[in-house]
2 protein chains.
Amino acid sequence: MGTKGDGNRQRIVEAADGLFYRHGYNQTSFQDISDATGIPRGNFYYYFKTKDEILEAVVNSRVEGLSEMLSRCEAEANDGRERLLLFSNMLEYNRDNVIESGCPIGTLCSELAKDDAALHTKSRQAFVLLRDWIKRQFQSAGLGNADDLAMDLLAKIQGVTVLASAFKDIDYVKRSHLEIKNWINEKTLN
Amino acid sequence: MGTKGDGNRQRIVEAADGLFYRHGYNQTSFQDISDATGIPRGNFYYYFKTKDEILEAVVNSRVEGLSEMLSRCEAEANDGRERLLLFSNMLEYNRDNVIESGCPIGTLCSELAKDDAALHTKSRQAFVLLRDWIKRQFQSAGLGNADDLAMDLLAKIQGVTVLASAFKDIDYVKRSHLEIKNWINEKTLN
DNA sequence: GTCTATATGTAGATAGAC
DNA sequence: GTCTATCTACATATAGAC
């Protein structure tokens, strides 16, 4: 809990987060994180026993950041429909990153599904959080099939991010974002 | 063009194809391909100068297989709507693999978007082929926004494969396949 | 707590015998 | 065409000085 050590720990996690997103987990080496932070390789093992533990910390950090983002959506809107619309803006807000590297959650999960099962399960946590939050918004809008709708919305977003990054197409993201907002309105407005 | 060598070359490509799909390109080593084929590592360099060239051959092989599959869809149905429905069956036909490893095209493209640009461009070829074929089917159904619809259908499938593999959910794939078939009918039946 | 030096394994790639 | 032995680079991880 020392302030100095926690500062370094956080710097490692933040640098690893960005590198895992832009280059992938397996393609990010300790040397890459060292270069990005200025912290020597050997020092990492004071904070993390293995590379897996860095990933765990990164996913925890992403879940925390996501939680705060969802909380802001709840604070800035009063009903489920408006909150979902705010949430969907994330697509366009991050569109440059999405085109470059896809969705940080989706691509990490897809990468780790081909690897270690424990890492994949860990990486899924961000999806679980999102699915549950979206489900609650649809429920608060009075819809009975809220979990199916949550999966449908997540799938729409994932589909868009995969193709946006594959074809590097900005206009496609904008058009798809509009369609997603229309879909949210269709489902939640009676 | 010798028959012996081509046989070994094809065995390498087929084994690499499966390994790239199940474990990812970067996580597949020459040793893995050697173990799967019984062909010694050093022999690979008689057929391919680099690992990149193996990937190129794998993508070419996938594009060829995909072409044949699309040709079968064209042969077995007479109009665009029915052909698209046949094509969508692929989701359920391959559902065990999809749940385990996602979409072979989508996951490869997502992985390589974070890597070398040339490899990513190569991996996109299968998507380009699919997009164009789907577009032609919508056009033959008399629809003007065929390319947008092609992107929408691809996005639907990609979204389903990402979540199916993330949550390992068979029922979700079945339900989503039905929804996709309904969507194709909605768009193509006036 | 921090950093250097290093251990150990494995990656892609090469040389050259057969 | 096929295979063994090996090169070089770099990966994660450890030991131990400061």
# chains A, B, ... in the order shown; residues from 1 in each chain; ligands from 1
$ closest_atom_pairs --of "range 46-87 of chain B" --to "chain C" --cutoff "10 Å" --atoms "only C-alpha atoms (C1' of nucleotides)" --output "tab-separated table"
residue	atom	partner	partner_atom	distance
B:Lys49	CA	C:DA13	C1'	8.8
B:Thr50	CA	C:DA13	C1'	8.0
B:Lys51	CA	C:DG12	C1'	7.8
$ residues_around --residues "range 164-178 of chain B" --least-positions-apart "6" --cutoff "8 Å" --atoms "only C-alpha atoms (C1' of nucleotides)" --output "JSON, numbers by chain"
{"A": [109, 110, 113, 120, 124], "B": [88, 89, 91, 92, 95, 96, 98, 99, 100, 101, 102]}
$ write_last_selection --atoms "C-alpha atoms" --output "mmCIF file, in the first residue's frame"
data_model
loop_
_atom_site.group_PDB
_atom_site.id
_atom_site.type_symbol
_atom_site.label_atom_id
_atom_site.label_comp_id
_atom_site.auth_asym_id
_atom_site.auth_seq_id
_atom_site.Cartn_x
_atom_site.Cartn_y
_atom_site.Cartn_z
ATOM 1 C CA CYS A 109 -11.630 -12.302 -25.462
ATOM 2 C CA SER A 110 -11.237 -13.683 -28.994
ATOM 3 C CA ALA A 113 -10.303 -18.082 -26.377
ATOM 4 C CA HIS A 120 -10.160 -16.542 -21.390
ATOM 5 C CA ARG A 124 -14.808 -12.500 -20.248
ATOM 6 C CA SER B 88 -26.326 -18.530 -43.127
ATOM 7 C CA ASN B 89 -26.637 -22.225 -42.262
ATOM 8 C CA LEU B 91 -23.296 -20.659 -38.576
ATOM 9 C CA GLU B 92 -25.097 -23.677 -37.192
ATOM 10 C CA ARG B 95 -21.344 -24.117 -34.310
ATOM 11 C CA ASP B 96 -19.034 -26.310 -32.224
ATOM 12 C CA VAL B 98 -17.472 -21.300 -33.582
ATOM 13 C CA ILE B 99 -18.031 -21.700 -29.866
ATOM 14 C CA GLU B 100 -14.516 -23.042 -29.387
ATOM 15 C CA SER B 101 -12.559 -20.646 -31.598
ATOM 16 C CA GLY B 102 -14.877 -18.033 -33.138
#
$ interface_residues --of "chain D" --to "chain B" --cutoff "9 Å" --atoms "only C-alpha atoms (C1' of nucleotides)" --output "MDAnalysis selection string"
chainID D and resid 1:4
$ write_last_selection --atoms "N, CA and C atoms (P, O5', C5', C4', C3', O3' and C1' of nucleotides)" --output "mmCIF file, in the first residue's frame"
data_model
loop_
_atom_site.group_PDB
_atom_site.id
_atom_site.type_symbol
_atom_site.label_atom_id
_atom_site.label_comp_id
_atom_site.auth_asym_id
_atom_site.auth_seq_id
_atom_site.Cartn_x
_atom_site.Cartn_y
_atom_site.Cartn_z
ATOM 1 P P DG D 1 10.092 -31.510 -56.166
ATOM 2 O "O5'" DG D 1 10.489 -32.315 -54.908
ATOM 3 C "C5'" DG D 1 11.841 -32.262 -54.420
ATOM 4 C "C4'" DG D 1 11.909 -33.377 -53.451
ATOM 5 C "C3'" DG D 1 11.293 -33.018 -52.100
ATOM 6 O "O3'" DG D 1 10.819 -34.232 -51.513
ATOM 7 C "C1'" DG D 1 13.606 -33.337 -51.838
ATOM 8 P P DT D 2 10.012 -34.216 -50.135
ATOM 9 O "O5'" DT D 2 11.154 -34.506 -49.075
ATOM 10 C "C5'" DT D 2 11.738 -35.798 -49.046
ATOM 11 C "C4'" DT D 2 12.787 -35.851 -47.950
ATOM 12 C "C3'" DT D 2 12.290 -35.391 -46.572
ATOM 13 O "O3'" DT D 2 12.357 -36.509 -45.703
ATOM 14 C "C1'" DT D 2 14.456 -34.526 -47.059
ATOM 15 P P DC D 3 11.716 -36.420 -44.238
ATOM 16 O "O5'" DC D 3 12.984 -35.966 -43.379
ATOM 17 C "C5'" DC D 3 14.084 -36.873 -43.267
ATOM 18 C "C4'" DC D 3 15.282 -36.150 -42.655
ATOM 19 C "C3'" DC D 3 15.042 -35.592 -41.241
ATOM 20 O "O3'" DC D 3 15.821 -36.364 -40.341
ATOM 21 C "C1'" DC D 3 16.294 -34.102 -42.619
ATOM 22 P P DT D 4 15.647 -36.094 -38.761
ATOM 23 O "O5'" DT D 4 17.075 -35.505 -38.363
ATOM 24 C "C5'" DT D 4 18.249 -36.081 -38.923
ATOM 25 C "C4'" DT D 4 19.454 -35.234 -38.558
ATOM 26 C "C3'" DT D 4 19.480 -34.715 -37.116
ATOM 27 O "O3'" DT D 4 20.783 -34.930 -36.599
ATOM 28 C "C1'" DT D 4 19.672 -32.893 -38.621
#
$ closest_atom_pairs --of "chain B" --to "chain A" --cutoff "7 Å" --atoms "only C-alpha atoms" --output "JSON lines"
{"residue": "B:Arg22", "atom": "CA", "partner": "A:Lys114", "partner_atom": "CA", "distance": 5.6}
{"residue": "B:His23", "atom": "CA", "partner": "A:Lys114", "partner_atom": "CA", "distance": 4.6}
{"residue": "B:Gly24", "atom": "CA", "partner": "A:Lys114", "partner_atom": "CA", "distance": 6.4}
{"residue": "B:Ser101", "atom": "CA", "partner": "A:Lys114", "partner_atom": "CA", "distance": 6.0}
{"residue": "B:Gly106", "atom": "CA", "partner": "A:Val162", "partner_atom": "CA", "distance": 6.9}
{"residue": "B:Thr107", "atom": "CA", "partner": "A:Ser110", "partner_atom": "CA", "distance": 6.6}
{"residue": "B:Cys109", "atom": "CA", "partner": "A:Ala166", "partner_atom": "CA", "distance": 6.2}
{"residue": "B:Ser110", "atom": "CA", "partner": "A:Thr107", "partner_atom": "CA", "distance": 6.6}
{"residue": "B:Glu111", "atom": "CA", "partner": "A:Glu111", "partner_atom": "CA", "distance": 7.0}
{"residue": "B:Ala113", "atom": "CA", "partner": "A:Ser101", "partner_atom": "CA", "distance": 6.2}
{"residue": "B:Lys114", "atom": "CA", "partner": "A:His23", "partner_atom": "CA", "distance": 4.6}
{"residue": "B:Asp115", "atom": "CA", "partner": "A:His23", "partner_atom": "CA", "distance": 6.2}
{"residue": "B:Arg124", "atom": "CA", "partner": "A:Ala166", "partner_atom": "CA", "distance": 6.3}
{"residue": "B:Ala155", "atom": "CA", "partner": "A:Gly159", "partner_atom": "CA", "distance": 4.0}
{"residue": "B:Lys156", "atom": "CA", "partner": "A:Gly159", "partner_atom": "CA", "distance": 5.8}
{"residue": "B:Gln158", "atom": "CA", "partner": "A:Gly159", "partner_atom": "CA", "distance": 4.8}
{"residue": "B:Gly159", "atom": "CA", "partner": "A:Gly159", "partner_atom": "CA", "distance": 3.9}
{"residue": "B:Val160", "atom": "CA", "partner": "A:Ala155", "partner_atom": "CA", "distance": 5.7}
{"residue": "B:Val162", "atom": "CA", "partner": "A:Ser110", "partner_atom": "CA", "distance": 6.7}
{"residue": "B:Leu163", "atom": "CA", "partner": "A:Ala155", "partner_atom": "CA", "distance": 6.5}
{"residue": "B:Ala166", "atom": "CA", "partner": "A:Cys109", "partner_atom": "CA", "distance": 6.2}
$ write_last_selection --atoms "C-alpha atoms" --output "PDB file, in the first residue's frame"
ATOM      1  CA  ARG B  22      -7.599 -22.996 -33.003  1.00  0.00           C
ATOM      2  CA  HIS B  23      -4.528 -21.311 -31.474  1.00  0.00           C
ATOM      3  CA  GLY B  24      -3.994 -18.157 -33.518  1.00  0.00           C
ATOM      4  CA  SER B 101     -12.559 -20.646 -31.598  1.00  0.00           C
ATOM      5  CA  GLY B 106     -12.949 -12.728 -38.202  1.00  0.00           C
ATOM      6  CA  THR B 107     -10.553 -13.870 -35.513  1.00  0.00           C
ATOM      7  CA  CYS B 109      -8.386 -10.543 -39.186  1.00  0.00           C
ATOM      8  CA  SER B 110      -8.737  -9.181 -35.649  1.00  0.00           C
ATOM      9  CA  GLU B 111      -5.482 -10.784 -34.569  1.00  0.00           C
ATOM     10  CA  ALA B 113      -4.999  -5.971 -37.320  1.00  0.00           C
ATOM     11  CA  LYS B 114      -2.811  -5.642 -34.211  1.00  0.00           C
ATOM     12  CA  ASP B 115       0.271  -6.919 -36.018  1.00  0.00           C
ATOM     13  CA  ARG B 124      -8.933  -9.407 -45.162  1.00  0.00           C
ATOM     14  CA  ALA B 155     -21.661  -7.802 -38.954  1.00  0.00           C
ATOM     15  CA  LYS B 156     -24.508  -9.896 -37.616  1.00  0.00           C
ATOM     16  CA  GLN B 158     -19.367 -11.645 -36.666  1.00  0.00           C
ATOM     17  CA  GLY B 159     -21.216 -10.365 -33.630  1.00  0.00           C
ATOM     18  CA  VAL B 160     -22.737 -13.782 -33.024  1.00  0.00           C
ATOM     19  CA  VAL B 162     -17.596 -13.261 -30.995  1.00  0.00           C
ATOM     20  CA  LEU B 163     -20.234 -13.653 -28.282  1.00  0.00           C
ATOM     21  CA  ALA B 166     -16.921 -15.536 -25.377  1.00  0.00           C
TER      22      ALA B 166
END
$ atom_distance --atom1 "CA of Phe30 in chain B" --atom2 "CA of Thr28 in chain A"
20.0 Å
$ select_by_dssp --residues "chain A" --states "alpha helix (DSSP H)" --output "PyMOL selection string"
chain A and resi 3-23+30-37+44-47+51-76+80-93+95-101+104-113+117-140+146-167+170-188
